[in-house]
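Novice: Next comes the structure file target.tsv, holding TSV, C-alpha atoms.
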chain	number	residue	atom	x	y	z
A	10	MET	CA	25.77	-2.30	5.71
A	11	LEU	CA	26.52	-0.69	2.34
A	12	LEU	CA	22.82	0.10	1.97
A	13	TYR	CA	22.79	1.95	5.30
A	14	ILE	CA	25.96	3.88	4.44
A	15	LEU	CA	24.45	4.93	1.11
A	16	MET	CA	21.23	5.94	2.90
A	17	LEU	CA	23.16	8.09	5.39
A	18	ILE	CA	25.08	9.81	2.60
A	19	ILE	CA	21.94	10.56	0.58
A	20	GLN	CA	20.02	11.85	3.62
A	21	THR	CA	22.95	14.04	4.66
A	22	ILE	CA	23.14	15.58	1.18
A	23	LEU	CA	19.38	16.15	1.03
A	24	ALA	CA	19.52	18.01	4.36
A	25	ILE	CA	21.06	20.98	2.55
A	26	PRO	CA	18.38	22.21	0.06
A	27	ARG	CA	15.92	24.65	1.66
A	28	ARG	CA	13.35	23.96	-1.04
A	29	LEU	CA	12.71	20.49	0.38
A	30	ARG	CA	12.12	21.90	3.86
A	31	ARG	CA	9.64	24.44	2.50
A	32	LYS	CA	7.74	21.55	0.91
A	33	GLY	CA	7.63	19.62	4.18
A	34	LEU	CA	10.61	17.26	3.77
A	35	TYR	CA	13.31	17.44	6.44
A	36	PHE	CA	16.45	15.32	6.18
A	37	TYR	CA	18.90	14.94	9.09
A	38	GLY	CA	21.50	12.35	8.15
A	39	VAL	CA	20.19	9.31	10.02
A	40	GLY	CA	16.60	9.85	8.88
A	41	PHE	CA	14.00	12.21	7.53
A	42	ALA	CA	10.68	13.74	8.55
A	43	ILE	CA	7.57	14.51	6.55
A	44	ARG	CA	5.17	17.36	7.31
A	45	ILE	CA	1.58	16.86	6.14
A	46	SER	CA	-0.67	19.92	6.28
A	47	ILE	CA	-4.11	19.28	7.81
A	48	ASP	CA	-5.94	22.52	8.64
A	49	LYS	CA	-4.50	25.96	7.88
A	50	LYS	CA	-7.69	28.04	8.08
A	51	SER	CA	-9.72	27.13	11.17
A	52	GLU	CA	-9.32	29.33	14.23
A	53	PRO	CA	-9.12	27.93	17.78
A	54	LYS	CA	-12.30	28.37	19.86
A	55	ARG	CA	-12.38	28.66	23.63
A	56	ARG	CA	-15.27	26.73	25.19
A	57	ASP	CA	-16.32	24.56	28.10
A	58	LEU	CA	-16.50	20.79	27.89
A	59	SER	CA	-19.69	18.78	28.03
A	60	ILE	CA	-20.21	15.91	30.48
A	61	PRO	CA	-19.47	13.21	27.83
A	62	GLU	CA	-16.25	15.03	26.92
A	63	MET	CA	-15.22	15.16	30.58
A	64	LEU	CA	-15.94	11.43	30.84
A	65	LEU	CA	-13.59	10.80	27.90
A	66	ILE	CA	-10.84	12.70	29.71
A	67	THR	CA	-11.55	10.69	32.86
A	68	ASN	CA	-11.28	7.49	30.84
A	69	ALA	CA	-7.92	8.63	29.45
A	70	ILE	CA	-6.68	9.49	32.96
A	71	ILE	CA	-7.59	5.95	34.12
A	72	ILE	CA	-5.66	4.52	31.16
A	73	SER	CA	-2.71	6.72	32.10
A	74	VAL	CA	-2.75	5.64	35.76
A	75	VAL	CA	-2.95	1.95	34.83
A	76	SER	CA	-0.11	2.37	32.30
A	77	THR	CA	2.09	4.08	34.89
A	78	VAL	CA	1.42	1.49	37.60
A	79	TYR	CA	2.10	-1.41	35.26
A	80	PHE	CA	5.29	0.21	33.96
A	81	ILE	CA	6.59	0.60	37.51
A	82	ILE	CA	5.74	-3.04	38.31
A	83	PHE	CA	7.43	-4.19	35.09
A	84	VAL	CA	10.60	-2.18	35.81
A	85	ASP	CA	10.63	-3.46	39.38
A	86	GLU	CA	10.49	-7.04	38.11
A	87	LEU	CA	13.39	-6.39	35.74
A	88	LEU	CA	15.55	-4.65	38.35
A	89	SER	CA	14.95	-7.47	40.85
A	90	PHE	CA	15.82	-10.04	38.14
A	91	LYS	CA	12.36	-11.57	38.30
A	92	GLN	CA	10.35	-12.42	35.23
A	93	THR	CA	6.61	-12.01	35.09
A	94	LEU	CA	4.57	-14.05	32.67
A	95	LEU	CA	4.24	-11.04	30.37
A	96	SER	CA	7.97	-10.26	30.33
A	97	ARG	CA	8.80	-13.90	29.56
A	98	GLU	CA	6.31	-13.93	26.71
A	99	ILE	CA	7.59	-10.64	25.28
A	100	PHE	CA	11.24	-11.78	25.26
A	101	LYS	CA	10.30	-15.16	23.82
A	102	ILE	CA	8.21	-13.71	21.00
A	103	PHE	CA	10.75	-11.06	20.00
A	104	LEU	CA	13.58	-13.59	20.03
A	105	GLU	CA	11.58	-15.83	17.72
A	106	LEU	CA	10.88	-12.89	15.43
A	107	VAL	CA	14.55	-11.87	15.25
A	108	ASN	CA	15.54	-15.41	14.31
A	109	ARG	CA	13.10	-15.70	11.42
A	110	ILE	CA	12.55	-12.22	9.94
A	111	SER	CA	14.59	-10.67	7.13
A	112	LEU	CA	15.41	-6.97	6.85
A	113	PRO	CA	12.93	-6.31	3.99
A	114	GLU	CA	10.20	-8.09	5.98
A	115	LEU	CA	11.07	-5.98	9.02
A	116	TYR	CA	10.68	-2.78	6.99
A	117	VAL	CA	7.31	-3.92	5.63
A	118	PHE	CA	6.15	-4.90	9.12
A	119	ALA	CA	7.30	-1.60	10.68
A	120	TRP	CA	5.60	0.59	8.09
A	121	THR	CA	2.42	-1.51	8.06
A	122	PHE	CA	2.19	-1.18	11.83
A	123	ALA	CA	2.94	2.55	11.64
A	124	ALA	CA	0.29	3.07	8.96
A	125	THR	CA	-2.37	1.43	11.13
A	126	PHE	CA	-1.44	2.19	14.73
A	127	GLY	CA	0.32	5.54	14.24
A	128	LEU	CA	-2.12	7.09	11.79
A	129	PHE	CA	-5.15	5.93	13.79
A	130	HIS	CA	-3.58	7.51	16.88
A	131	GLU	CA	-3.07	10.83	15.11
A	132	TYR	CA	-6.49	10.66	13.47
A	133	LEU	CA	-8.20	10.67	16.87
A	134	HIS	CA	-6.03	13.62	17.93
A	135	ILE	CA	-7.31	15.43	14.82
A	136	ARG	CA	-10.90	14.34	15.43
A	137	PHE	CA	-10.87	15.31	19.10
A	138	GLY	CA	-9.28	18.65	18.20
A	139	LYS	CA	-12.02	19.35	15.67
A	140	ILE	CA	-14.70	18.48	18.23
A	141	ILE	CA	-13.26	20.68	20.97
A	142	GLY	CA	-12.25	23.67	18.83
A	143	ILE	CA	-8.47	23.17	18.58
A	144	PRO	CA	-7.33	22.87	14.94
A	145	ILE	CA	-4.52	20.50	14.02
A	146	ARG	CA	-2.19	22.34	11.67
A	147	ASN	CA	0.23	19.57	10.65
A	148	ILE	CA	1.15	15.93	11.12
A	149	TYR	CA	4.84	15.03	11.31
A	150	ILE	CA	6.22	11.58	10.56
A	151	ALA	CA	9.87	11.06	11.55
A	152	THR	CA	12.06	8.11	10.58
A	153	LEU	CA	15.34	6.59	11.69
A	154	LEU	CA	17.39	4.59	9.17
A	155	GLY	CA	14.28	4.14	7.08
A	156	PHE	CA	12.13	2.88	9.96
A	157	PRO	CA	9.15	4.89	11.25
A	158	LEU	CA	10.20	6.46	14.54
A	159	LEU	CA	7.62	9.03	15.64
A	160	PHE	CA	4.24	10.47	14.71
A	161	SER	CA	3.29	13.88	16.05
A	162	VAL	CA	0.71	16.61	15.50
A	163	GLU	CA	1.07	20.39	15.64
A	164	THR	CA	-1.89	22.06	17.34
A	165	ASP	CA	-3.00	25.68	17.46
A	166	THR	CA	-4.03	26.22	21.08
A	167	ARG	CA	-4.11	30.04	21.16
A	168	GLY	CA	-6.63	31.24	23.71
A	169	THR	CA	-7.97	27.78	24.51
A	170	LYS	CA	-8.45	26.27	27.95
A	171	ASN	CA	-6.10	23.73	29.50
A	172	ILE	CA	-8.93	21.22	29.74
A	173	GLN	CA	-9.51	21.54	25.98
A	174	ARG	CA	-5.86	20.66	25.38
A	175	ALA	CA	-6.22	17.68	27.70
A	176	PHE	CA	-9.17	16.53	25.61
A	177	VAL	CA	-7.07	16.55	22.43
A	178	ALA	CA	-4.33	14.55	24.16
A	179	ALA	CA	-6.95	12.07	25.42
A	180	GLY	CA	-7.72	11.14	21.83
A	181	GLY	CA	-4.32	9.50	21.46
A	182	LEU	CA	-4.67	7.33	24.57
A	183	ILE	CA	-8.18	6.26	23.60
A	184	ALA	CA	-7.00	5.42	20.07
A	185	ASN	CA	-4.19	3.27	21.48
A	186	THR	CA	-6.63	1.43	23.76
A	187	ILE	CA	-9.09	0.76	20.92
A	188	TYR	CA	-6.29	-0.57	18.71
A	189	LEU	CA	-4.91	-2.68	21.55
A	190	SER	CA	-8.36	-4.12	22.26
A	191	VAL	CA	-8.78	-5.18	18.64
A	192	MET	CA	-5.34	-6.79	18.62
A	193	PHE	CA	-6.12	-8.58	21.90
A	194	ILE	CA	-9.18	-10.18	20.30
A	195	LEU	CA	-7.10	-11.27	17.28
A	196	PHE	CA	-4.36	-12.48	19.63
A	197	PHE	CA	-6.95	-14.56	21.53
A	198	LEU	CA	-8.36	-16.02	18.29
A	199	PHE	CA	-5.02	-16.65	16.56
A	200	PRO	CA	-2.38	-17.21	19.29
A	201	ALA	CA	-0.07	-19.09	16.93
A	202	ASN	CA	0.21	-16.23	14.42
A	203	ILE	CA	3.60	-14.66	15.13
A	204	TRP	CA	2.73	-11.37	13.37
A	205	ILE	CA	-0.47	-10.81	15.34
A	206	VAL	CA	1.32	-11.66	18.58
A	207	VAL	CA	4.15	-9.22	17.84
A	208	VAL	CA	1.76	-6.43	16.84
A	209	PHE	CA	-0.18	-6.97	20.07
A	210	TYR	CA	2.91	-6.73	22.27
A	211	VAL	CA	4.37	-3.75	20.37
A	212	ALA	CA	1.03	-1.94	20.66
A	213	LEU	CA	0.93	-2.80	24.37
A	214	ILE	CA	4.43	-1.43	24.99
A	215	ILE	CA	3.73	1.80	23.07
A	216	THR	CA	0.38	2.26	24.83
A	217	ILE	CA	2.05	1.92	28.24
A	218	ILE	CA	4.90	4.31	27.42
A	219	ASN	CA	2.61	6.86	25.80
A	220	GLY	CA	0.30	6.73	28.80
A	221	LEU	CA	2.92	7.35	31.51
A	222	MET	CA	1.96	10.12	33.92
A	223	ILE	CA	5.62	10.41	34.99
A	224	ASN	CA	7.83	10.92	31.97
A	225	ILE	CA	10.73	12.99	30.68
A	226	ILE	CA	9.03	13.18	27.26
A	227	ASP	CA	5.82	15.10	26.65
A	228	PHE	CA	3.71	12.12	25.62
A	229	ASP	CA	-0.07	12.01	25.97
A	230	GLY	CA	-0.21	10.65	29.53
A	231	LEU	CA	2.02	13.39	30.93
A	232	ARG	CA	0.33	16.06	28.82
A	233	ILE	CA	-3.15	15.14	30.08
A	234	SER	CA	-1.94	15.14	33.69
A	235	LEU	CA	-0.31	18.57	33.38
A	236	GLU	CA	-3.17	20.19	31.48
A	237	VAL	CA	-5.80	18.91	33.91
A	238	ALA	CA	-3.65	20.06	36.85
A	239	ARG	CA	-3.19	23.52	35.28
A	240	SER	CA	-6.95	23.85	34.84
A	241	TYR	CA	-7.38	23.59	38.63
A	242	GLY	CA	-4.49	25.88	39.55
A	243	GLU	CA	-2.43	25.25	42.68
A	244	LYS	CA	-4.86	22.63	43.98
A	245	GLY	CA	-4.57	20.75	40.72
A	246	PHE	CA	-0.78	20.62	40.88
A	247	ALA	CA	-0.92	19.60	44.55
A	248	GLY	CA	-3.22	16.73	43.61
A	249	LEU	CA	-0.99	15.69	40.71
A	250	ILE	CA	2.11	15.69	42.93
A	251	LEU	CA	0.22	13.58	45.47
A	252	VAL	CA	-0.71	11.04	42.77
A	253	TRP	CA	2.92	10.93	41.59
A	254	PHE	CA	4.08	10.42	45.17
A	255	ILE	CA	1.64	7.54	45.76
A	256	ILE	CA	2.64	5.81	42.53
A	257	LEU	CA	6.36	6.16	43.24
A	258	ALA	CA	5.80	5.00	46.81
A	259	MET	CA	4.30	1.81	45.40
A	260	PHE	CA	7.60	1.20	43.63
A	261	VAL	CA	9.48	1.50	46.94
A	262	ILE	CA	7.00	-0.27	49.23
A	263	ARG	CA	5.95	-3.12	46.94
A	264	PRO	CA	9.06	-5.31	47.49
A	265	LEU	CA	8.50	-5.04	51.26
A	266	ILE	CA	4.91	-6.29	51.18
A	267	ILE	CA	5.03	-8.83	48.34
Have the structure of the file written as structure tokens, please.

Specialist:
Amino acid sequence: MLLYILMLIIQTILAIPRRLRRKGLYFYGVGFAIRISIDKKSEPKRRDLSIPEMLLITNAIIISVVSTVYFIIFVDELLSFKQTLLSREIFKIFLELVNRISLPELYVFAWTFAATFGLFHEYLHIRFGKIIGIPIRNIYIATLLGFPLLFSVETDTRGTKNIQRAFVAAGGLIANTIYLSVMFILFFLFPANIWIVVVFYVALIITIINGLMINIIDFDGLRISLEVARSYGEKGFAGLILVWFIILAMFVIRPLII
């Protein structure tokens, strides 16, 4: 407790100097953020997408739809006080972790996971942006009480097409799926390793939330949906609203048919 109080005091004091903010360090009492410059010179380029690039966006949309459907099913199970196999396993694993992990171990685990999952996620955003002609200006890493909280990139989309922006967002969903696939293989090979199991479930939860097509936060799933819809104008938004309606209808109808 004393350590957290000292941390809050230090971070509150460091929020005052402007020099730190100019150098990319932002303190806000309960945490801090780091800005890492990536590309300050490249100019955005407007262009059409190739067939393989369109297939990557399609793949990301499928990931987003599956994430949204599963999230609705999971919430429905919780609200109806049912427990699916996955929800039972998640609660069991996290309870076991809480009972055995110390605070220093939790910090090491959180930052190790962030350094692998989070940076790989942002790397594919950067890579996809470079491919499609949208430069990534900065990466931001935000923390809360010393724990990694959020990774984000700042893009320069001036003059670019909506479908190009969707392509950049697709990189994040594809990165999450690749990481999750690797962890699934390790989880299958080493089911008794508590750390691998926890990483798998944390990656699964983040992948689902990041992939939601219906969200109050502008994560990758929502961003892809909106950018693709914008690229097709009124028809695109009509189609997106129809998809949202069908997915939400599943949430209402499912208890009546199952």

Novice: Please list, as a VMD selection string, the residues that have an atom at most 8 Å away from (1.2, 18.0, 6.7) in the coordinates of this file, counting all atoms listed in the file.

Specialist: chain A and resid 33 43 to 47 146 to 149

Novice: Please write as a count of residues only the list of polymer residues whose atoms come within 7 Å of (4.5, 14.3, 14.4), counting all atoms listed in the file and keeping to the coordinates of the file.

Specialist: 8

Novice: What separation in Å, quoted to one decimal, exists between atom CA of A:Ala175 and atom CA of A:Gly138?

Specialist: 10.0 Å

Novice: Rank nothing, just name the residue among A:Asn202, A:Ile172, A:Thr216, A:Val117 nearest to A:Ser190, using only C-alpha atoms.

Specialist: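 Using only C-alpha atoms, A:Ser190 sits closest to A:Thr216.
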
Novice: Find the distance between atom CA of A:Arg174 and atom CA of A:Ser59 and write it in Å to one decimal.

Specialist: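 Separation between atom CA of A:Arg174 and atom CA of A:Ser59: 14.2 Å.
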
Novice: As JSON, numbers by chain, please: the residues near stretch 228-233 of chain A (cut-off 10 Å, only C-alpha atoms, same-chain neighbours under 6 positions excluded).

Specialist: {"A": [66, 67, 69, 70, 71, 72, 73, 74, 76, 77, 161, 171, 172, 173, 174, 175, 176, 177, 178, 179, 180, 181, 182, 216, 217, 218, 219, 220, 221, 222, 239]}

Novice: Select, from A:Phe41, A:Phe246, A:Leu133, A:Phe118, the residue with the minimum atom-to-atom distance to A:Ile205, counting all atoms listed in the file.

Specialist: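 Nearest candidate to A:Ile205 out of A:Phe41, A:Phe246, A:Leu133, A:Phe118: A:Phe118.
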
Novice: Padding 4 Å on each side, edges along x, y and z: where is the centre of the box around the listed atoms of stretch 68-76 of chain A, and how long are its edges in Å to one decimal? Output it as lines of an AutoDock Vina configuration file.

Specialist:
center_x = -5.7
center_y = 5.7
center_z = 32.6
size_x = 19.2
size_y = 15.5
size_z = 14.3

Novice: Find the residue from A:Leu154, A:Ile81, A:Glu163, A:Asn108 that sits nearest to A:Lys49; use only C-alpha atoms when measuring.

Specialist: A:Glu163

Novice: Can you work out the spacing between atom CA of A:Ala258 and atom CA of A:Ile82 in Å, to one decimal?

Specialist: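 Going from atom CA of A:Ala258 over to atom CA of A:Ile82 covers 11.7 Å.
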
Novice: Which polymer residues have any atom within 12 Å of an atom of A:Val208, counting all atoms listed in the file, with same-chain residues fewer than 3 positions away left out, as a ChimeraX atom specification?

Specialist: /A:99,102-103,106,118-123,125-126,188-193,195-196,200,202-205,211-216

Novice: Create the file for the chosen residues now, containing C-alpha atoms and written as a PDB file, keeping the file's coordinate frame.

Specialist:
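Saved file selection.pdb follows:
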ATOM      1  CA  ILE A  99       7.590 -10.640  25.280  1.00  0.00           C
ATOM      2  CA  ILE A 102       8.210 -13.710  21.000  1.00  0.00           C
ATOM      3  CA  PHE A 103      10.750 -11.060  20.000  1.00  0.00           C
ATOM      4  CA  LEU A 106      10.880 -12.890  15.430  1.00  0.00           C
ATOM      5  CA  PHE A 118       6.150  -4.900   9.120  1.00  0.00           C
ATOM      6  CA  ALA A 119       7.300  -1.600  10.680  1.00  0.00           C
ATOM      7  CA  TRP A 120       5.600   0.590   8.090  1.00  0.00           C
ATOM      8  CA  THR A 121       2.420  -1.510   8.060  1.00  0.00           C
ATOM      9  CA  PHE A 122       2.190  -1.180  11.830  1.00  0.00           C
ATOM     10  CA  ALA A 123       2.940   2.550  11.640  1.00  0.00           C
ATOM     11  CA  THR A 125      -2.370   1.430  11.130  1.00  0.00           C
ATOM     12  CA  PHE A 126      -1.440   2.190  14.730  1.00  0.00           C
ATOM     13  CA  TYR A 188      -6.290  -0.570  18.710  1.00  0.00           C
ATOM     14  CA  LEU A 189      -4.910  -2.680  21.550  1.00  0.00           C
ATOM     15  CA  SER A 190      -8.360  -4.120  22.260  1.00  0.00           C
ATOM     16  CA  VAL A 191      -8.780  -5.180  18.640  1.00  0.00           C
ATOM     17  CA  MET A 192      -5.340  -6.790  18.620  1.00  0.00           C
ATOM     18  CA  PHE A 193      -6.120  -8.580  21.900  1.00  0.00           C
ATOM     19  CA  LEU A 195      -7.100 -11.270  17.280  1.00  0.00           C
ATOM     20  CA  PHE A 196      -4.360 -12.480  19.630  1.00  0.00           C
ATOM     21  CA  PRO A 200      -2.380 -17.210  19.290  1.00  0.00           C
ATOM     22  CA  ASN A 202       0.210 -16.230  14.420  1.00  0.00           C
ATOM     23  CA  ILE A 203       3.600 -14.660  15.130  1.00  0.00           C
ATOM     24  CA  TRP A 204       2.730 -11.370  13.370  1.00  0.00           C
ATOM     25  CA  ILE A 205      -0.470 -10.810  15.340  1.00  0.00           C
ATOM     26  CA  VAL A 211       4.370  -3.750  20.370  1.00  0.00           C
ATOM     27  CA  ALA A 212       1.030  -1.940  20.660  1.00  0.00           C
ATOM     28  CA  LEU A 213       0.930  -2.800  24.370  1.00  0.00           C
ATOM     29  CA  ILE A 214       4.430  -1.430  24.990  1.00  0.00           C
ATOM     30  CA  ILE A 215       3.730   1.800  23.070  1.00  0.00           C
ATOM     31  CA  THR A 216       0.380   2.260  24.830  1.00  0.00           C
TER      32      THR A 216
END

Novice: Give me the residues near A:Leu153 as a list in words, where near means some atom within 7 Å (using only C-alpha atoms) and where sequence neighbours in that chain fewer than 4 positions away do not count.

Specialist: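 Once the adjacent positions are removed, what remains is Val39, Gly40, Pro157 and Leu158 of chain A.
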
Novice: Choose the residue, out of A:Leu257, A:Leu104, A:Ala184, A:Ile223, that has the smallest atom-to-atom separation from A:His134; count all atoms listed in the file.

Specialist: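 The answer is A:Ala184, which sits nearest to A:His134.
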
Novice: Between A:Val84, A:Ile183, A:Met63, A:Ala247, which is the closest to A:Ile141 once you count all atoms listed in the file?

Specialist: A:Met63

Novice: Hey, which of A:Ser234, A:Val207, A:Ile25, A:Leu64 ends up closest to A:Ile110? Count all atoms listed in the file.

Specialist: A:Val207
